[in-house]
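Enquirer: The structure that follows is given in the form of structure tokens.
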Amino acid sequence: MSYVDEVYQLVVEKNPAQPEFHQAVKEVLESLRVVIEANEEKYRKDALLERLVNPERQLMFRVPWVDDNGQVQVNTGYRVQFNSAIGPYKGGLRLHPSVNIGIIKFLGFEQIFKNSLTGLPIGGGKGGSDFDPKGKSDREVMAFCQSFMTELHKYIGADTDVPAGDIGTGAREIGFMYGQYKRLTGLYEGVLTGKGLTYGGSLARTEATGYGLLYLTEEMLKSNGHDIKGKTIAVSGSGNVAIYAIQKAQQLGGKPVTCSDSTGWVYDPEGIDVALLKEVKEVNRARLTEYAAKRPSAQYHDKKTEGTNQWSVKVDIALPCATQNELNLDDAKKLVENGVLAVCEGANMPTTLEATEYLQEKGVYFVPGKAANAGGVATSALEMSQNSERLSWTFEEVDSKLQQIMINIFHNLDDAAKKYGMEGNYVAGANIAGFLKVAEAMTAQGIV
Ligand code: NDP
Ligand code: 2IT
């Protein structure tokens, strides 16, 4: 059996009931096949792949907190410190009831290659909890965040592991966590990114993932002789990534006509009203029904009762920006039937493996999340740099660095795909380019 297949089988056997982790590993290992086979003896002897798929450290801990009724609640906290070959562990904290160790491991594994692609010195990590911030009071969210950080602070630090936001973790949660870290350690250091602007946050970090997604999409289209201008776009999600993807798409002359949340989706043929979307989601923390109620041109569709989603709309570009496996084979078929040109992932692993293969077979330009959404973590690394030099850069400075990073990422993966005879396969290009740097660093550092 080939080394790649052996290691994949090992991952499935040793990590039962972690389908998302298996999926993430499978996608990466499949596209590394040519690279591994060219160097199989050495990689096998060094057990490089076994080391790559085994996190350096996995932390799981109890998070007790008291709700507004005086009832004690208990959640599970996680931090997976996956790979520190090229820098301190770096990656977000997801707060969502679906979180379990397999979800955190898939995200941490993806993060290794994503962070490598940014060209910045950051290793891969991820964490979170099955706590659901939705519907909780600010006091309850603070109680959870303080309890979570009371345990987590022992394992993180500005030069060891630097968490940030992800689903359910935004400015409010990062603020509560930072305050508790500082109180426990006495250190005013860049231990978290996505901080508020008054206490060490970076300008443009809020916008970075969505903006970066569009910068890369624009560069990819340009290099294939197309342009965002005049293109209709389907976006899923209505959180941090989706909102700023929609905003930048409009600035570049595109027309996003959909967004969604976990209960429904909106079709707005006149184009999404970003100011209204921000008010509904960022200020009121409300549902998309409120957006539809205030916007005459918008149609609201309930996902459960109608069984439809935003991928049924005829668009040129699809940007999945909500969660994993939200675009399946049936969705991909609908998009292709409607003549979609490109699918670029704002979320982590939003497209199933079958859907990805189908889109690629049909000649749709497909850019995976580990490249397309890397602008968030790249700007987090820029926040770390600013914290280290105790300075703040202007919005324009950060934004122009972000733009250049996204352009570089596209060309690196495009070149890698060409070099290994898979021109236009951006999944393979991203995995290979991300892997090579990490593999070289791991090899240079010996068996650790
Ligand atoms: P937010 O919490 O801000 O928003 C998440 C959005 O996705 C919400 O609209 C939410 O709807 C929807 N959503 C979440 N879970 C589900 C689900 N199980 N089914 C359907 N819809 C769901 O998160 P972000 O925008 O920060 O993250 C979105 C994606 O982007 C994630 O995959 C994340 O890992 C990835 N990402 C985020 C980065 C960042 O910097 N924030 C960087 C790179 C990637 P509802 O409100 O109803 O739950
Ligand atoms: O998936 C991701 O890249 C993030 N959630 C952002 C991580 C970070 O450290 O900014």
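In the structure tokens, chains take the letters A, B, ... in the order shown, each chain's residues start at 1, and ligands count up from 1 in the order shown.
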Using only C-alpha atoms and all ligand atoms, what table do you get, as a tab-separated table, when you list each residue of chain A with an atom no more than 6 Å from ligand 1, its nearest pair of atoms, and their distance in Å rounded to one decimal, rows by chain then rising number?

Expert:
```
residue	atom	partner	partner_atom_place_in_ligand_line	distance
A:Gly165	CA	ligand 1	41 (N)	5.4
A:Asp166	CA	ligand 1	26 (O)	4.3
A:Ile167	CA	ligand 1	2 (O)	3.4
A:Gly168	CA	ligand 1	2 (O)	4.0
A:Thr209	CA	ligand 1	40 (O)	5.2
A:Gly237	CA	ligand 1	9 (O)	3.8
A:Ser238	CA	ligand 1	9 (O)	3.7
A:Gly239	CA	ligand 1	4 (O)	3.3
A:Asn240	CA	ligand 1	25 (O)	3.7
A:Val241	CA	ligand 1	25 (O)	3.9
A:Ala242	CA	ligand 1	25 (O)	5.8
A:Ser260	CA	ligand 1	9 (O)	6.0
A:Asp261	CA	ligand 1	11 (O)	3.6
A:Ser262	CA	ligand 1	47 (O)	3.6
A:Thr263	CA	ligand 1	47 (O)	5.9
A:Cys321	CA	ligand 1	29 (C)	5.1
A:Ala322	CA	ligand 1	7 (O)	3.4
A:Thr323	CA	ligand 1	32 (O)	4.0
A:Gln324	CA	ligand 1	32 (O)	5.9
A:Gly346	CA	ligand 1	30 (O)	5.6
A:Ala347	CA	ligand 1	30 (O)	3.4
A:Asn348	CA	ligand 1	32 (O)	4.2
A:Asn373	CA	ligand 1	43 (C)	4.8
A:Gly376	CA	ligand 1	40 (O)	4.4
```

Enquirer: Counting only C-alpha atoms and all ligand atoms, name the residues that have an atom within 6 Å of an atom of ligand 2; the answer should be given as a list in words.

Expert: Lys90, Gly91, Gly92, Pro163, Ala164, Gly165, Asp166, Ala374, Gly376, Val377 and Ser380 of chain A

Enquirer: If you run DSSP on this backbone, which residues of range 128-322 of chain A come out as strand (DSSP E or B), and could you give them as a CSV table (one decimal) with C-alpha atoms, in the first residue's frame?

Expert:
```csv
chain,number,residue,atom,x,y,z
A,128,GLY,CA,-13.4,26.4,21.2
A,129,SER,CA,-16.3,25.0,23.1
A,157,GLY,CA,0.9,33.2,25.3
A,161,ASP,CA,-0.2,30.0,21.2
A,162,VAL,CA,-2.3,33.0,20.0
A,163,PRO,CA,-6.1,32.3,19.7
A,164,ALA,CA,-8.6,34.5,17.8
A,166,ASP,CA,-14.2,32.0,14.6
A,169,THR,CA,-16.4,34.3,18.8
A,232,THR,CA,-23.9,38.2,-9.7
A,233,ILE,CA,-22.8,36.5,-6.5
A,234,ALA,CA,-24.4,34.0,-4.1
A,235,VAL,CA,-23.0,34.3,-0.5
A,255,LYS,CA,-23.6,42.1,-7.1
A,256,PRO,CA,-24.1,39.8,-4.1
A,257,VAL,CA,-27.8,38.8,-4.1
A,258,THR,CA,-28.0,36.3,-1.3
A,259,CYS,CA,-27.0,35.7,2.4
A,260,SER,CA,-28.2,33.1,4.9
A,264,GLY,CA,-33.2,30.7,6.4
A,265,TRP,CA,-31.8,32.6,3.4
A,266,VAL,CA,-32.5,35.8,1.7
A,267,TYR,CA,-32.7,36.5,-2.0
A,299,GLN,CA,-37.5,37.5,-0.3
A,300,TYR,CA,-37.0,35.3,2.8
A,301,HIS,CA,-36.9,31.5,2.5
A,302,ASP,CA,-37.2,29.2,5.4
A,317,ILE,CA,-19.9,33.3,-8.5
A,318,ALA,CA,-20.6,31.3,-5.3
A,319,LEU,CA,-18.9,32.2,-2.0
```

Enquirer: Using only C-alpha atoms, pick whichever of A:Pro97, A:Asn83, A:Val367, A:Asn431 has the shortest atom-to-atom distance to Val25 in chain A.

Expert: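 Closest residue, counting only C-alpha atoms: A:Asn431.
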
Enquirer: Please report the interatomic distance between CA of Val336 in chain A and CA of Gly421 in chain A in Å with one decimal.

Expert: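 Computed distance, CA of Val336 in chain A to CA of Gly421 in chain A, equals 25.2 Å.
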
Enquirer: Which value, in Å to one decimal, gives the distance between CA of Pro16 in chain A and CA of Asp46 in chain A?

Expert: 25.1 Å

Enquirer: If we count only C-alpha atoms and set the cut-off at 7 Å, which residues sit around range 137-149 of chain A, ignoring sequence neighbours fewer than 3 positions away in its own chain? Please answer as a PyMOL selection string.

Expert: chain A and resi 63-68+77+133+152-153+173+176-177+180-181

Enquirer: Using only C-alpha atoms for the distances, tell me which of A:His96, A:Lys182, A:Lys401, A:Arg79 is nearest to Phe61 in chain A.

Expert: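 Of A:His96, A:Lys182, A:Lys401, A:Arg79, the one nearest Phe61 in chain A, counting only C-alpha atoms, is A:Arg79.
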
Enquirer: Excluding range 356-361 of chain A and its own-chain neighbours fewer than 5 positions away, which residues fall within 8 Å of it when counting only C-alpha atoms? Please give them as a CSV table (one decimal) with all heavy atoms, in the first residue's frame.

Expert:
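So selection-v2.csv came out as:
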```
chain,number,residue,atom,x,y,z
A,329,LEU,N,-23.1,17.8,-3.2
A,329,LEU,CA,-23.2,17.5,-4.7
A,329,LEU,C,-24.4,18.0,-5.4
A,329,LEU,O,-24.3,18.5,-6.5
A,329,LEU,CB,-23.0,16.0,-4.8
A,329,LEU,CG,-22.9,15.4,-6.2
A,329,LEU,CD1,-21.8,16.0,-7.0
A,329,LEU,CD2,-22.8,13.9,-6.3
A,332,ALA,N,-23.9,21.6,-6.0
A,332,ALA,CA,-22.9,21.8,-7.0
A,332,ALA,C,-23.6,21.6,-8.4
A,332,ALA,O,-23.3,22.4,-9.3
A,332,ALA,CB,-21.7,20.9,-6.8
A,333,LYS,N,-24.4,20.6,-8.5
A,333,LYS,CA,-25.1,20.4,-9.8
A,333,LYS,C,-26.0,21.5,-10.2
A,333,LYS,O,-26.0,21.9,-11.3
A,333,LYS,CB,-25.9,19.1,-9.7
A,333,LYS,CG,-25.0,17.8,-9.7
A,333,LYS,CD,-25.8,16.6,-9.7
A,333,LYS,CE,-24.9,15.4,-9.8
A,333,LYS,NZ,-25.5,14.1,-9.5
A,336,VAL,N,-23.8,24.4,-11.4
A,336,VAL,CA,-23.3,24.2,-12.7
A,336,VAL,C,-24.4,24.3,-13.8
A,336,VAL,O,-24.2,25.0,-14.8
A,336,VAL,CB,-22.6,22.8,-12.8
A,336,VAL,CG1,-22.3,22.4,-14.2
A,336,VAL,CG2,-21.3,22.8,-11.9
A,351,THR,N,-17.4,23.0,1.2
A,351,THR,CA,-17.8,22.1,0.1
A,351,THR,C,-17.4,20.7,0.4
A,351,THR,O,-16.3,20.4,0.8
A,351,THR,CB,-17.1,22.6,-1.2
A,351,THR,OG1,-17.2,24.0,-1.2
A,351,THR,CG2,-17.7,22.0,-2.4
A,366,PHE,N,-12.2,26.7,-8.8
A,366,PHE,CA,-12.5,26.4,-7.4
A,366,PHE,C,-11.3,26.7,-6.5
A,366,PHE,O,-10.3,26.1,-6.6
A,366,PHE,CB,-12.9,24.9,-7.2
A,366,PHE,CG,-13.3,24.5,-5.8
A,366,PHE,CD1,-14.6,24.6,-5.4
A,366,PHE,CD2,-12.3,24.0,-4.9
A,366,PHE,CE1,-14.9,24.3,-4.1
A,366,PHE,CE2,-12.6,23.7,-3.6
A,366,PHE,CZ,-13.9,23.8,-3.2
A,425,ASN,N,-5.7,23.2,-10.9
A,425,ASN,CA,-6.2,22.5,-9.7
A,425,ASN,C,-5.7,23.3,-8.5
A,425,ASN,O,-4.7,23.0,-7.9
A,425,ASN,CB,-5.8,21.1,-9.7
A,425,ASN,CG,-6.4,20.3,-8.6
A,425,ASN,OD1,-6.9,20.9,-7.6
A,425,ASN,ND2,-6.4,19.0,-8.7
```

Enquirer: Go through A:Val427, A:Leu117, A:Ala298, A:Ile447 one by one, measure the shortest atom-to-atom distance of each to Met349 in chain A using only C-alpha atoms, and give the residue with the smallest value.

Expert: A:Val427

Enquirer: Just checking: using only C-alpha atoms, which residue out of A:Ser31, A:Asn284, A:Thr185, A:Gln18 ends up closest to Tyr426 in chain A?

Expert: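 Counting only C-alpha atoms, the residue closest to Tyr426 in chain A is A:Ser31.
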
Enquirer: Based on the backbone DSSP call, show me all residues of range 146-224 of chain A assigned helix (DSSP H, G or I), as an MDAnalysis selection string.

Expert: chainID A and resid 146:152 171:185 197:199 205:223

Enquirer: Write out as a tab-separated table a residue-level contact list of range 118-203 of chain A versus range 54-59 of chain A with cut-off 9 Å: for each qualifying residue the closest pair of atoms and the distance in Å to one decimal, counting only C-alpha atoms, rows sorted by chain and residue number upward.

Expert:
```
residue	atom	partner	partner_atom	distance
A:Gly125	CA	A:Pro55	CA	8.8
A:Gly127	CA	A:Leu59	CA	8.8
A:Leu152	CA	A:Leu59	CA	8.8
A:Tyr155	CA	A:Leu59	CA	8.8
```

Enquirer: To one decimal in Å, tell me the separation between CA of Gln250 in chain A and CA of Leu221 in chain A.

Expert: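 Interatomic distance here is 15.8 Å.
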
Enquirer: If you count only C-alpha atoms, which residues fall within 7 Å of Ala245 in chain A, apart from same-chain ones fewer than 3 positions away, as number ranges by chain?

Expert: A: 210-211, 213-214, 241-242, 248-249

Enquirer: Go through A:Tyr188, A:Phe131, A:Phe21, A:Phe113 and flag the residue nearest Leu413 in chain A, using only C-alpha atoms for the distances.

Expert: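 Closest to Leu413 in chain A, using only C-alpha atoms: A:Phe113.
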
Enquirer: From the list A:Asn338, A:Gly170, A:Asn325, A:Thr352, which residue is nearest Lys281 in chain A when using only C-alpha atoms?

Expert: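 Distance minimum relative to Lys281 in chain A lands on A:Gly170.
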
Enquirer: For Asn387 in chain A, work out the shell of residues within 12 Å, counting only C-alpha atoms and skipping chain neighbours fewer than 5 positions away, then give it as a VMD selection string.

Expert: chain A and resid 158 to 159 188 to 195 197 199 to 202 380 to 382 392 to 393

Enquirer: Which residues come within 12 Å of Gly119 in chain A, counting only C-alpha atoms, excluding same-chain residues fewer than 6 positions away, as an MDAnalysis selection string?

Expert: chainID A and resid 86:87 112:113 371 374:375 377:379 381:382 401:402 404:410 412:413 433:434 436:438

Enquirer: Store the residues of this selection in a file with N, CA and C atoms, as a compact mmCIF listing (two decimals), in the first residue's frame.

Expert:
```
# COMPACT_ATOMS: atom_id res chain seq x y z
N ILE A 86 6.56 26.16 12.03
CA ILE A 86 6.94 27.44 11.41
C ILE A 86 6.57 28.65 12.26
N GLY A 87 6.04 28.43 13.46
CA GLY A 87 5.72 29.57 14.32
C GLY A 87 4.83 29.14 15.47
N ILE A 112 -2.86 24.54 9.66
CA ILE A 112 -1.41 24.39 9.45
C ILE A 112 -1.03 24.87 8.05
N PHE A 113 -1.79 24.41 7.06
CA PHE A 113 -1.45 24.70 5.65
C PHE A 113 -1.84 26.12 5.28
N ALA A 371 -6.80 28.65 1.29
CA ALA A 371 -6.17 29.76 0.56
C ALA A 371 -7.09 30.98 0.57
N ALA A 374 -7.62 32.88 3.97
CA ALA A 374 -6.41 33.07 4.77
C ALA A 374 -6.16 34.52 5.16
N GLY A 375 -6.94 35.44 4.61
CA GLY A 375 -6.75 36.86 4.93
C GLY A 375 -7.01 37.18 6.39
N VAL A 377 -6.47 35.16 9.16
CA VAL A 377 -5.33 34.80 10.01
C VAL A 377 -4.08 35.59 9.63
N ALA A 378 -3.96 35.94 8.35
CA ALA A 378 -2.80 36.75 7.92
C ALA A 378 -2.84 38.10 8.63
N THR A 379 -4.03 38.69 8.71
CA THR A 379 -4.13 39.99 9.38
C THR A 379 -3.98 39.83 10.89
N ALA A 381 -1.80 37.84 12.10
CA ALA A 381 -0.34 37.84 12.23
C ALA A 381 0.19 39.28 12.14
N LEU A 382 -0.48 40.12 11.34
CA LEU A 382 -0.08 41.54 11.29
C LEU A 382 -0.41 42.23 12.62
N LYS A 401 -1.25 45.58 2.78
CA LYS A 401 -0.47 44.36 3.05
C LYS A 401 -1.34 43.12 2.84
N LEU A 402 -2.58 43.20 3.31
CA LEU A 402 -3.52 42.07 3.14
C LEU A 402 -3.71 41.76 1.65
N GLN A 404 -1.74 42.39 -0.83
CA GLN A 404 -0.53 41.80 -1.41
C GLN A 404 -0.38 40.34 -0.99
N ILE A 405 -0.72 40.05 0.26
CA ILE A 405 -0.63 38.66 0.75
C ILE A 405 -1.57 37.76 -0.05
N MET A 406 -2.79 38.22 -0.29
CA MET A 406 -3.76 37.38 -1.01
C MET A 406 -3.33 37.16 -2.46
N ILE A 407 -2.76 38.20 -3.07
CA ILE A 407 -2.27 38.07 -4.44
C ILE A 407 -1.12 37.04 -4.47
N ASN A 408 -0.22 37.16 -3.50
CA ASN A 408 0.90 36.20 -3.43
C ASN A 408 0.40 34.78 -3.22
N ILE A 409 -0.59 34.61 -2.34
CA ILE A 409 -1.10 33.25 -2.09
C ILE A 409 -1.62 32.66 -3.40
N PHE A 410 -2.40 33.44 -4.14
CA PHE A 410 -2.93 32.88 -5.39
C PHE A 410 -1.80 32.44 -6.32
N ASN A 412 1.29 31.68 -5.63
CA ASN A 412 2.03 30.53 -5.09
C ASN A 412 1.30 29.23 -5.38
N LEU A 413 -0.01 29.22 -5.16
CA LEU A 413 -0.72 27.95 -5.37
C LEU A 413 -0.89 27.67 -6.86
N ALA A 433 1.72 23.72 -1.87
CA ALA A 433 2.50 24.91 -1.48
C ALA A 433 2.53 25.04 0.05
N GLY A 434 1.37 24.82 0.70
CA GLY A 434 1.32 24.91 2.16
C GLY A 434 2.17 23.84 2.82
N LEU A 436 4.85 22.04 1.62
CA LEU A 436 6.30 22.00 1.40
C LEU A 436 7.08 22.80 2.44
N LYS A 437 6.56 23.98 2.78
CA LYS A 437 7.26 24.81 3.76
C LYS A 437 7.27 24.14 5.15
N VAL A 438 6.11 23.60 5.53
CA VAL A 438 6.01 22.96 6.85
C VAL A 438 6.90 21.71 6.89
```
